[in-house]
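S.K.: Got structure.pdb for you, PDB, C-alpha atoms and all ligand atoms:
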ATOM      1  CA  MET A   1       0.275 -11.565  14.247  1.00  0.00           C
ATOM      2  CA  GLN A   2       2.963 -10.473  16.685  1.00  0.00           C
ATOM      3  CA  VAL A   3       5.819  -9.251  14.546  1.00  0.00           C
ATOM      4  CA  LYS A   4       9.171 -10.060  16.146  1.00  0.00           C
ATOM      5  CA  ASN A   5      11.914  -9.553  13.648  1.00  0.00           C
ATOM      6  CA  PRO A   6      11.047  -7.478  10.586  1.00  0.00           C
ATOM      7  CA  LYS A   7      13.963  -6.846   8.247  1.00  0.00           C
ATOM      8  CA  PHE A   8      14.563  -4.650   5.263  1.00  0.00           C
ATOM      9  CA  GLU A   9      15.741  -7.060   2.602  1.00  0.00           C
ATOM     10  CA  ILE A  10      16.284  -5.355  -0.720  1.00  0.00           C
ATOM     11  CA  SER A  11      15.550  -2.284  -2.734  1.00  0.00           C
ATOM     12  CA  ALA A  12      15.041  -3.645  -6.241  1.00  0.00           C
ATOM     13  CA  VAL A  13      15.452  -1.604  -9.391  1.00  0.00           C
ATOM     14  CA  GLY A  14      14.628  -4.577 -11.615  1.00  0.00           C
ATOM     15  CA  ALA A  15      13.088  -8.040 -11.533  1.00  0.00           C
ATOM     16  CA  LYS A  16      16.496  -9.723 -11.203  1.00  0.00           C
ATOM     17  CA  GLN A  17      16.791  -8.339  -7.692  1.00  0.00           C
ATOM     18  CA  TYR A  18      13.483  -9.587  -6.345  1.00  0.00           C
ATOM     19  CA  PRO A  19      13.858 -12.060  -3.465  1.00  0.00           C
ATOM     20  CA  THR A  20      14.175 -15.629  -4.669  1.00  0.00           C
ATOM     21  CA  SER A  21      12.183 -17.150  -1.816  1.00  0.00           C
ATOM     22  CA  ASN A  22       8.555 -17.995  -2.434  1.00  0.00           C
ATOM     23  CA  LEU A  23       7.143 -16.249   0.617  1.00  0.00           C
ATOM     24  CA  PRO A  24       3.731 -14.616   0.112  1.00  0.00           C
ATOM     25  CA  GLU A  25       3.882 -10.936  -0.751  1.00  0.00           C
ATOM     26  CA  ILE A  26       1.515  -8.260   0.532  1.00  0.00           C
ATOM     27  CA  VAL A  27       1.849  -5.176  -1.601  1.00  0.00           C
ATOM     28  CA  LEU A  28       1.288  -1.505  -0.857  1.00  0.00           C
ATOM     29  CA  VAL A  29      -0.083   0.428  -3.809  1.00  0.00           C
ATOM     30  CA  GLY A  30      -1.001   4.106  -3.923  1.00  0.00           C
ATOM     31  CA  LYS A  31       0.025   7.519  -5.081  1.00  0.00           C
ATOM     32  CA  SER A  32       3.148   9.253  -3.807  1.00  0.00           C
ATOM     33  CA  ASN A  33       2.837  10.502  -0.256  1.00  0.00           C
ATOM     34  CA  VAL A  34      -0.392   8.633   0.568  1.00  0.00           C
ATOM     35  CA  GLY A  35       1.365   6.762   3.376  1.00  0.00           C
ATOM     36  CA  LYS A  36       2.584   3.408   2.015  1.00  0.00           C
ATOM     37  CA  SER A  37       5.869   3.388   3.929  1.00  0.00           C
ATOM     38  CA  SER A  38       4.236   4.724   7.098  1.00  0.00           C
ATOM     39  CA  PHE A  39       1.663   1.933   6.842  1.00  0.00           C
ATOM     40  CA  ILE A  40       4.433  -0.667   7.013  1.00  0.00           C
ATOM     41  CA  ASN A  41       6.104   1.003   9.996  1.00  0.00           C
ATOM     42  CA  THR A  42       2.809   1.212  11.879  1.00  0.00           C
ATOM     43  CA  MET A  43       1.870  -2.389  11.221  1.00  0.00           C
ATOM     44  CA  ILE A  44       5.220  -3.708  12.413  1.00  0.00           C
ATOM     45  CA  ASN A  45       5.611  -1.222  15.248  1.00  0.00           C
ATOM     46  CA  ARG A  46       8.882   0.253  14.050  1.00  0.00           C
ATOM     47  CA  LYS A  47       9.288   3.956  13.630  1.00  0.00           C
ATOM     48  CA  LYS A  48      11.722   3.951  10.775  1.00  0.00           C
ATOM     49  CA  LEU A  49      12.235   0.572   9.171  1.00  0.00           C
ATOM     50  CA  ALA A  50      10.454   1.634   5.994  1.00  0.00           C
ATOM     51  CA  ARG A  51      11.763   4.924   4.730  1.00  0.00           C
ATOM     52  CA  THR A  52       9.137   7.617   4.759  1.00  0.00           C
ATOM     53  CA  SER A  53       9.586  10.986   3.194  1.00  0.00           C
ATOM     54  CA  SER A  54       8.112  14.420   3.416  1.00  0.00           C
ATOM     55  CA  GLU A  55       9.427  14.908  -0.101  1.00  0.00           C
ATOM     56  CA  PRO A  56       6.998  12.982  -2.256  1.00  0.00           C
ATOM     57  CA  GLY A  57       8.058  10.888  -5.190  1.00  0.00           C
ATOM     58  CA  LYS A  58      11.516   9.899  -4.043  1.00  0.00           C
ATOM     59  CA  THR A  59      11.038   6.185  -4.292  1.00  0.00           C
ATOM     60  CA  ARG A  60      11.710   4.638  -7.673  1.00  0.00           C
ATOM     61  CA  GLN A  61      12.541   1.186  -6.304  1.00  0.00           C
ATOM     62  CA  ILE A  62      10.494  -1.739  -5.079  1.00  0.00           C
ATOM     63  CA  ASN A  63      11.372  -2.298  -1.421  1.00  0.00           C
ATOM     64  CA  PHE A  64      10.955  -5.704   0.191  1.00  0.00           C
ATOM     65  CA  TYR A  65      10.519  -6.070   3.964  1.00  0.00           C
ATOM     66  CA  ASN A  66      10.849  -9.590   5.308  1.00  0.00           C
ATOM     67  CA  ILE A  67       8.375 -10.046   8.145  1.00  0.00           C
ATOM     68  CA  ASP A  68       9.587 -12.848  10.415  1.00  0.00           C
ATOM     69  CA  ASP A  69      10.320 -15.075   7.391  1.00  0.00           C
ATOM     70  CA  THR A  70       6.536 -15.425   7.040  1.00  0.00           C
ATOM     71  CA  PHE A  71       5.739 -12.916   4.310  1.00  0.00           C
ATOM     72  CA  TYR A  72       6.987  -9.752   2.666  1.00  0.00           C
ATOM     73  CA  PHE A  73       5.530  -6.297   2.810  1.00  0.00           C
ATOM     74  CA  VAL A  74       6.353  -4.850  -0.591  1.00  0.00           C
ATOM     75  CA  ASP A  75       6.542  -1.082  -0.855  1.00  0.00           C
ATOM     76  CA  LEU A  76       5.931  -0.025  -4.464  1.00  0.00           C
ATOM     77  CA  PRO A  77       6.981   3.323  -5.895  1.00  0.00           C
ATOM     78  CA  GLY A  78       4.191   5.874  -5.760  1.00  0.00           C
ATOM     79  CA  TYR A  79       2.541   7.044  -8.954  1.00  0.00           C
ATOM     80  CA  GLY A  80       1.178  10.411  -9.972  1.00  0.00           C
ATOM     81  CA  TYR A  81       3.998  12.527  -8.667  1.00  0.00           C
ATOM     82  CA  SER A  82       3.686  15.682 -10.730  1.00  0.00           C
ATOM     83  CA  LYS A  83       7.298  16.788 -10.366  1.00  0.00           C
ATOM     84  CA  MET A  84       8.494  13.667 -12.138  1.00  0.00           C
ATOM     85  CA  SER A  85       8.853  14.054 -15.899  1.00  0.00           C
ATOM     86  CA  LYS A  86       6.289  12.296 -18.107  1.00  0.00           C
ATOM     87  CA  LYS A  87       8.965   9.873 -19.171  1.00  0.00           C
ATOM     88  CA  GLU A  88       9.929   9.029 -15.593  1.00  0.00           C
ATOM     89  CA  GLN A  89       6.272   8.575 -14.661  1.00  0.00           C
ATOM     90  CA  GLU A  90       5.866   6.171 -17.569  1.00  0.00           C
ATOM     91  CA  GLN A  91       8.943   4.203 -16.514  1.00  0.00           C
ATOM     92  CA  VAL A  92       7.705   3.917 -12.942  1.00  0.00           C
ATOM     93  CA  GLY A  93       4.256   2.892 -14.175  1.00  0.00           C
ATOM     94  CA  LYS A  94       5.775   0.139 -16.323  1.00  0.00           C
ATOM     95  CA  PHE A  95       7.926  -1.130 -13.462  1.00  0.00           C
ATOM     96  CA  ILE A  96       4.866  -1.346 -11.197  1.00  0.00           C
ATOM     97  CA  GLU A  97       2.756  -3.084 -13.830  1.00  0.00           C
ATOM     98  CA  GLU A  98       5.494  -5.590 -14.669  1.00  0.00           C
ATOM     99  CA  TYR A  99       5.837  -6.523 -11.016  1.00  0.00           C
ATOM    100  CA  LEU A 100       2.069  -6.832 -10.491  1.00  0.00           C
ATOM    101  CA  PHE A 101       1.594  -8.789 -13.716  1.00  0.00           C
ATOM    102  CA  ASN A 102       4.443 -11.280 -13.326  1.00  0.00           C
ATOM    103  CA  ARG A 103       4.923 -11.872  -9.632  1.00  0.00           C
ATOM    104  CA  LYS A 104       3.172 -15.100  -8.724  1.00  0.00           C
ATOM    105  CA  GLN A 105       3.504 -14.877  -4.947  1.00  0.00           C
ATOM    106  CA  ILE A 106       1.366 -11.752  -4.539  1.00  0.00           C
ATOM    107  CA  GLU A 107      -1.347 -12.704  -2.054  1.00  0.00           C
ATOM    108  CA  LEU A 108      -2.889  -9.321  -1.331  1.00  0.00           C
ATOM    109  CA  ILE A 109      -2.861  -5.766  -2.632  1.00  0.00           C
ATOM    110  CA  ILE A 110      -3.373  -3.063  -0.041  1.00  0.00           C
ATOM    111  CA  PHE A 111      -4.618  -0.113  -2.034  1.00  0.00           C
ATOM    112  CA  LEU A 112      -4.209   3.196  -0.204  1.00  0.00           C
ATOM    113  CA  VAL A 113      -6.116   6.384  -0.920  1.00  0.00           C
ATOM    114  CA  ASP A 114      -6.404   9.590   1.090  1.00  0.00           C
ATOM    115  CA  ILE A 115      -9.595   9.686   3.156  1.00  0.00           C
ATOM    116  CA  ARG A 116      -9.844  13.449   2.653  1.00  0.00           C
ATOM    117  CA  HIS A 117     -10.136  13.405  -1.133  1.00  0.00           C
ATOM    118  CA  SER A 118     -11.974  11.654  -3.929  1.00  0.00           C
ATOM    119  CA  PRO A 119      -9.767   9.085  -5.660  1.00  0.00           C
ATOM    120  CA  THR A 120      -7.713  10.725  -8.424  1.00  0.00           C
ATOM    121  CA  GLU A 121      -7.800   9.658 -12.077  1.00  0.00           C
ATOM    122  CA  ASN A 122      -4.506   7.834 -11.481  1.00  0.00           C
ATOM    123  CA  ASP A 123      -6.011   6.075  -8.456  1.00  0.00           C
ATOM    124  CA  LYS A 124      -8.906   4.887 -10.603  1.00  0.00           C
ATOM    125  CA  LEU A 125      -6.610   3.682 -13.382  1.00  0.00           C
ATOM    126  CA  MET A 126      -4.422   1.780 -10.932  1.00  0.00           C
ATOM    127  CA  TYR A 127      -7.370   0.328  -9.030  1.00  0.00           C
ATOM    128  CA  ASN A 128      -9.012  -0.858 -12.245  1.00  0.00           C
ATOM    129  CA  TYR A 129      -5.756  -2.393 -13.399  1.00  0.00           C
ATOM    130  CA  ILE A 130      -5.494  -4.355 -10.143  1.00  0.00           C
ATOM    131  CA  ILE A 131      -9.080  -5.558 -10.261  1.00  0.00           C
ATOM    132  CA  SER A 132      -8.857  -6.581 -13.910  1.00  0.00           C
ATOM    133  CA  SER A 133      -5.709  -8.588 -13.126  1.00  0.00           C
ATOM    134  CA  GLY A 134      -7.764 -10.560 -10.626  1.00  0.00           C
ATOM    135  CA  LEU A 135      -5.424  -9.803  -7.718  1.00  0.00           C
ATOM    136  CA  PRO A 136      -7.052  -9.930  -4.256  1.00  0.00           C
ATOM    137  CA  CYS A 137      -7.344  -6.433  -2.887  1.00  0.00           C
ATOM    138  CA  ILE A 138      -8.487  -4.304   0.006  1.00  0.00           C
ATOM    139  CA  ILE A 139      -8.925  -0.533  -0.036  1.00  0.00           C
ATOM    140  CA  LEU A 140      -7.682   1.597   2.852  1.00  0.00           C
ATOM    141  CA  ALA A 141      -8.806   5.180   3.308  1.00  0.00           C
ATOM    142  CA  ASN A 142      -5.665   6.480   4.977  1.00  0.00           C
ATOM    143  CA  LYS A 143      -4.927   9.474   7.209  1.00  0.00           C
ATOM    144  CA  ALA A 144      -8.215   8.980   9.050  1.00  0.00           C
ATOM    145  CA  ASP A 145      -6.722  10.951  11.954  1.00  0.00           C
ATOM    146  CA  LYS A 146      -6.949  14.054   9.763  1.00  0.00           C
ATOM    147  CA  ILE A 147     -10.762  14.162   9.838  1.00  0.00           C
ATOM    148  CA  ALA A 148     -13.313  14.141  12.639  1.00  0.00           C
ATOM    149  CA  LYS A 149     -13.960  10.673  14.076  1.00  0.00           C
ATOM    150  CA  THR A 150     -17.676  11.058  13.418  1.00  0.00           C
ATOM    151  CA  LYS A 151     -17.002  11.542   9.678  1.00  0.00           C
ATOM    152  CA  VAL A 152     -14.770   8.533   9.160  1.00  0.00           C
ATOM    153  CA  ASP A 153     -17.392   5.892   8.304  1.00  0.00           C
ATOM    154  CA  GLU A 154     -19.184   8.182   5.901  1.00  0.00           C
ATOM    155  CA  GLU A 155     -15.978   9.084   4.029  1.00  0.00           C
ATOM    156  CA  VAL A 156     -14.985   5.421   3.800  1.00  0.00           C
ATOM    157  CA  ARG A 157     -18.367   4.625   2.232  1.00  0.00           C
ATOM    158  CA  LYS A 158     -17.983   7.486  -0.252  1.00  0.00           C
ATOM    159  CA  ILE A 159     -14.567   6.274  -1.361  1.00  0.00           C
ATOM    160  CA  GLN A 160     -15.807   2.735  -1.757  1.00  0.00           C
ATOM    161  CA  LYS A 161     -18.735   3.951  -3.860  1.00  0.00           C
ATOM    162  CA  GLN A 162     -16.373   5.794  -6.149  1.00  0.00           C
ATOM    163  CA  LEU A 163     -13.866   2.996  -6.662  1.00  0.00           C
ATOM    164  CA  ASN A 164     -15.955  -0.099  -6.080  1.00  0.00           C
ATOM    165  CA  PRO A 165     -19.664   0.630  -6.588  1.00  0.00           C
ATOM    166  CA  ILE A 166     -20.540  -3.095  -6.482  1.00  0.00           C
ATOM    167  CA  GLY A 167     -19.177  -3.086  -2.947  1.00  0.00           C
ATOM    168  CA  ASP A 168     -17.334  -6.415  -3.016  1.00  0.00           C
ATOM    169  CA  ILE A 169     -13.877  -5.127  -2.079  1.00  0.00           C
ATOM    170  CA  PRO A 170     -13.323  -4.681   1.691  1.00  0.00           C
ATOM    171  CA  THR A 171     -12.782  -0.993   2.417  1.00  0.00           C
ATOM    172  CA  TYR A 172     -11.547   0.233   5.785  1.00  0.00           C
ATOM    173  CA  ALA A 173     -10.283   3.380   7.394  1.00  0.00           C
ATOM    174  CA  PHE A 174      -6.621   3.490   8.350  1.00  0.00           C
ATOM    175  CA  SER A 175      -4.265   5.831  10.115  1.00  0.00           C
ATOM    176  CA  SER A 176      -0.577   5.485  10.740  1.00  0.00           C
ATOM    177  CA  GLU A 177      -1.079   7.690  13.755  1.00  0.00           C
ATOM    178  CA  ARG A 178      -3.837   5.663  15.408  1.00  0.00           C
ATOM    179  CA  LYS A 179      -3.365   2.030  16.240  1.00  0.00           C
ATOM    180  CA  ILE A 180      -7.102   1.309  16.478  1.00  0.00           C
ATOM    181  CA  TYR A 181      -7.416   1.008  12.723  1.00  0.00           C
ATOM    182  CA  SER A 182      -4.731  -1.618  12.245  1.00  0.00           C
ATOM    183  CA  ASP A 183      -6.555  -4.551  13.913  1.00  0.00           C
ATOM    184  CA  LYS A 184      -8.903  -5.157  10.972  1.00  0.00           C
ATOM    185  CA  VAL A 185      -6.021  -5.128   8.547  1.00  0.00           C
ATOM    186  CA  TRP A 186      -4.029  -7.623  10.613  1.00  0.00           C
ATOM    187  CA  GLU A 187      -7.091  -9.864  10.745  1.00  0.00           C
ATOM    188  CA  LYS A 188      -7.283  -9.795   6.951  1.00  0.00           C
ATOM    189  CA  ILE A 189      -3.555 -10.482   6.577  1.00  0.00           C
ATOM    190  CA  ASP A 190      -3.678 -13.364   9.067  1.00  0.00           C
ATOM    191  CA  ASN A 191      -6.545 -14.947   7.119  1.00  0.00           C
ATOM    192  CA  ILE A 192      -4.748 -14.569   3.807  1.00  0.00           C
ATOM    193  CA  LEU A 193      -1.574 -16.127   5.212  1.00  0.00           C
ATOM    194  CA  LYS A 194      -3.505 -19.063   6.653  1.00  0.00           C
ATOM    195  CA  GLU A 195      -4.946 -19.794   3.219  1.00  0.00           C
ATOM    196  CA  SER A 196      -1.722 -19.328   1.254  1.00  0.00           C
TER     197      SER A 196
HETATM  198  N1  LIG B   1      -1.543  12.436   9.778  1.00  0.00           N
HETATM  199  C1  LIG B   1      -1.081  11.383   9.080  1.00  0.00           C
HETATM  200  N2  LIG B   1       0.018  11.495   8.327  1.00  0.00           N
HETATM  201  C2  LIG B   1       0.441  10.420   7.643  1.00  0.00           C
HETATM  202  C3  LIG B   1      -0.251   9.177   7.696  1.00  0.00           C
HETATM  203  N3  LIG B   1       0.417   8.292   6.904  1.00  0.00           N
HETATM  204  C4  LIG B   1       1.464   8.963   6.376  1.00  0.00           C
HETATM  205  N4  LIG B   1       1.498  10.246   6.814  1.00  0.00           N
HETATM  206  C5  LIG B   1       2.495  11.288   6.458  1.00  0.00           C
HETATM  207  O1  LIG B   1       2.469  11.488   5.048  1.00  0.00           O
HETATM  208  C6  LIG B   1       3.789  11.676   4.519  1.00  0.00           C
HETATM  209  C7  LIG B   1       4.094  10.631   3.462  1.00  0.00           C
HETATM  210  O2  LIG B   1       4.113   9.351   4.063  1.00  0.00           O
HETATM  211  P1  LIG B   1       4.905   8.126   3.397  1.00  0.00           P
HETATM  212  O3  LIG B   1       4.624   6.936   4.239  1.00  0.00           O
HETATM  213  O4  LIG B   1       6.319   8.494   3.155  1.00  0.00           O
HETATM  214  O5  LIG B   1       4.123   8.013   1.988  1.00  0.00           O
HETATM  215  P2  LIG B   1       4.474   7.107   0.712  1.00  0.00           P
HETATM  216  O6  LIG B   1       5.094   8.041  -0.290  1.00  0.00           O
HETATM  217  O7  LIG B   1       3.154   6.602   0.202  1.00  0.00           O
HETATM  218  O8  LIG B   1       5.373   6.010   1.165  1.00  0.00           O
HETATM  219  C8  LIG B   1       4.729  11.630   5.713  1.00  0.00           C
HETATM  220  O9  LIG B   1       4.970  12.944   6.128  1.00  0.00           O
HETATM  221  C9  LIG B   1       3.927  10.847   6.768  1.00  0.00           C
HETATM  222  O10 LIG B   1       4.283  11.183   8.080  1.00  0.00           O
HETATM  223  C10 LIG B   1      -1.435   9.087   8.517  1.00  0.00           C
HETATM  224  O11 LIG B   1      -2.107   8.067   8.620  1.00  0.00           O
HETATM  225  N5  LIG B   1      -1.792  10.226   9.188  1.00  0.00           N
HETATM  226 MG    MG B   2       7.291   5.541   0.581  1.00  0.00          MG
END
For the file at hand, write its structure as structure tokens.

M.R.:
Amino acid sequence: MQVKNPKFEISAVGAKQYPTSNLPEIVLVGKSNVGKSSFINTMINRKKLARTSSEPGKTRQINFYNIDDTFYFVDLPGYGYSKMSKKEQEQVGKFIEEYLFNRKQIELIIFLVDIRHSPTENDKLMYNYIISSGLPCIILANKADKIAKTKVDEEVRKIQKQLNPIGDIPTYAFSSERKIYSDKVWEKIDNILKES
């Protein structure tokens, strides 16, 4: 897809503020700082439409980006930010789960993990929650530019083995710094949108 006019639509702090249109939603899920907002910017070729931060854990809202009135990229708050109090972490967790559980127009979850590390306990909990809700999902091993090119495939396989040993969830490398990885993801999104 050639994105022409992506727009930030709303930063929702509760379900009442979600967009009322029925456009399909493609949702970024992953821990704080894994690169959810950067993913959106890279895919739509805008440096700063989605707010990225070097200070992890800032986002407590659900941000909706309207992509050419065709679908939304939905940027969820990150989980597992250790500087947030337990109570805050619980509140964020509930907000995420309520959205994922109730929102009917979710067509795809893009689950981001860091290619350099094994998935955390929180990653596993979140991934299992998504799979048990029956939501369609792909896994992206992000920040692939941070490791040697020759290691990328092997690390992607390792991450898939850890999260998805049956091997039925598409798992790809990604990097917000390197365009080459985004083609596969666009292909997947285009297919999903055709079917929705
Ligand atoms: N090298 C590299 N850095 C990245 C990549 N994606 C995100 N980052 C950096 O990681 C930090 C957190 O990114 P952000 O998109 O705000 O993460 P979010 O909290 O998941 O939304 C920022 O400093 C980004 O520049 C990537 O693919 N490669
Ligand atoms: Mg973010």

S.K.: Find the distance between atom N5 of ligand LIG 1 (chain B) and CA of Ile96 (chain A) and write it in Å to one decimal.

M.R.: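 That distance, rounded to one decimal, is 24.4 Å.
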
S.K.: Do you know which residues the PyMOL selection byres (((chain A and resi 45) around 10) and not hetatm) returns on this file, as a PyMOL selection string?

M.R.: chain A and resi 2-4+6+39-44+46-49+179

S.K.: Just how far from atom MG of ligand MG 2 (chain B) is CA of Gln162 (chain A), in Å to one decimal?

M.R.: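 Value for the CA of Gln162 (chain A)-atom MG of ligand MG 2 (chain B) distance: 24.6 Å.
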
S.K.: Compile the contact shell of region 13-25 of chain A as a ChimeraX atom specification: residues with an atom at most 6 Å away, counting all atoms listed in the file, same-chain residues fewer than 5 positions apart removed.

M.R.: /A:61,71-72,105-107

S.K.: Let's have the selection written as a PDB file, keeping the file's coordinate frame, with C-alpha atoms.

M.R.:
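The resulting file, selection.pdb, is reproduced below:
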ATOM      1  CA  GLN A  61      12.541   1.186  -6.304  1.00  0.00           C
ATOM      2  CA  PHE A  71       5.739 -12.916   4.310  1.00  0.00           C
ATOM      3  CA  TYR A  72       6.987  -9.752   2.666  1.00  0.00           C
ATOM      4  CA  GLN A 105       3.504 -14.877  -4.947  1.00  0.00           C
ATOM      5  CA  ILE A 106       1.366 -11.752  -4.539  1.00  0.00           C
ATOM      6  CA  GLU A 107      -1.347 -12.704  -2.054  1.00  0.00           C
TER       7      GLU A 107
END

S.K.: Return the single residue from A:Leu108, A:Ile138, A:Ile62, A:Ile10 that is closest to ligand LIG 1 (chain B), with distances computed using all atoms listed in the file.

M.R.: A:Ile62

S.K.: Give the residue list for ligand LIG 1 (chain B) at 9 Å, counting all atoms listed in the file, as an MDAnalysis selection string, sorted by chain and then by residue number.

M.R.: chainID A and resid 28:42 50:59 75:78 112 114 142:146 174:178

S.K.: Check the smallest atom-to-atom distance from each of A:Asn5, A:Asp69, A:Tyr79, A:Pro119 to ligand MG 2 (chain B) using all atoms listed in the file, then report the winner.

M.R.: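 Looking at the shortest contact to ligand MG 2 (chain B), the residue is A:Tyr79.
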
S.K.: Assuming the chain letters and numbering stay as they are in my file, what does the PyMOL selection byres (((chain A and resi 7) around 9) and not hetatm) actually select? List them as a list in words.

M.R.: Asn5, Pro6, Phe8, Glu9, Leu49, Phe64, Tyr65, Asn66, Ile67 and Asp68 of chain A

S.K.: Would you compute the distance between CA of Phe111 (chain A) and CA of Ile159 (chain A)? Give it in Å to one decimal.

M.R.: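 Atom-to-atom, CA of Phe111 (chain A) to CA of Ile159 (chain A), that is 11.8 Å.
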
S.K.: Edge lengths and centre in Å to one decimal, as JSON, of the axis-aligned box that encloses all listed atoms of region 88-93 of chain A with 4 Å added on every side?

M.R.:
{"center_x": 7.1, "center_y": 6.0, "center_z": -15.3, "size_x": 13.7, "size_y": 14.1, "size_z": 12.6}

S.K.: Would you mind telling me which residue in A:Leu193, A:Met1, A:Lys188, A:Asn63 lies nearest to ligand MG 2 (chain B) when using all atoms listed in the file?

M.R.: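 The answer is A:Asn63, which sits nearest to ligand MG 2 (chain B).
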
S.K.: Can you work out which one of A:Ile192, A:Tyr129, A:Thr70, A:Arg60 has the shortest atom-to-atom distance to Glu88 (chain A), counting all atoms listed in the file?

M.R.: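 Comparing A:Ile192, A:Tyr129, A:Thr70, A:Arg60 against Glu88 (chain A), the winner is A:Arg60.
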
S.K.: Out of A:Tyr181, A:Phe95, A:Tyr172, A:Tyr81, which residue has the shortest atom-to-atom distance to Asp123 (chain A) when counting only C-alpha atoms?

M.R.: A:Tyr81

S.K.: Considering all atoms listed in the file, can you say which of A:Ala173, A:Ile166, A:Ala12, A:Leu125 comes closest to Ala141 (chain A)?

M.R.: A:Ala173
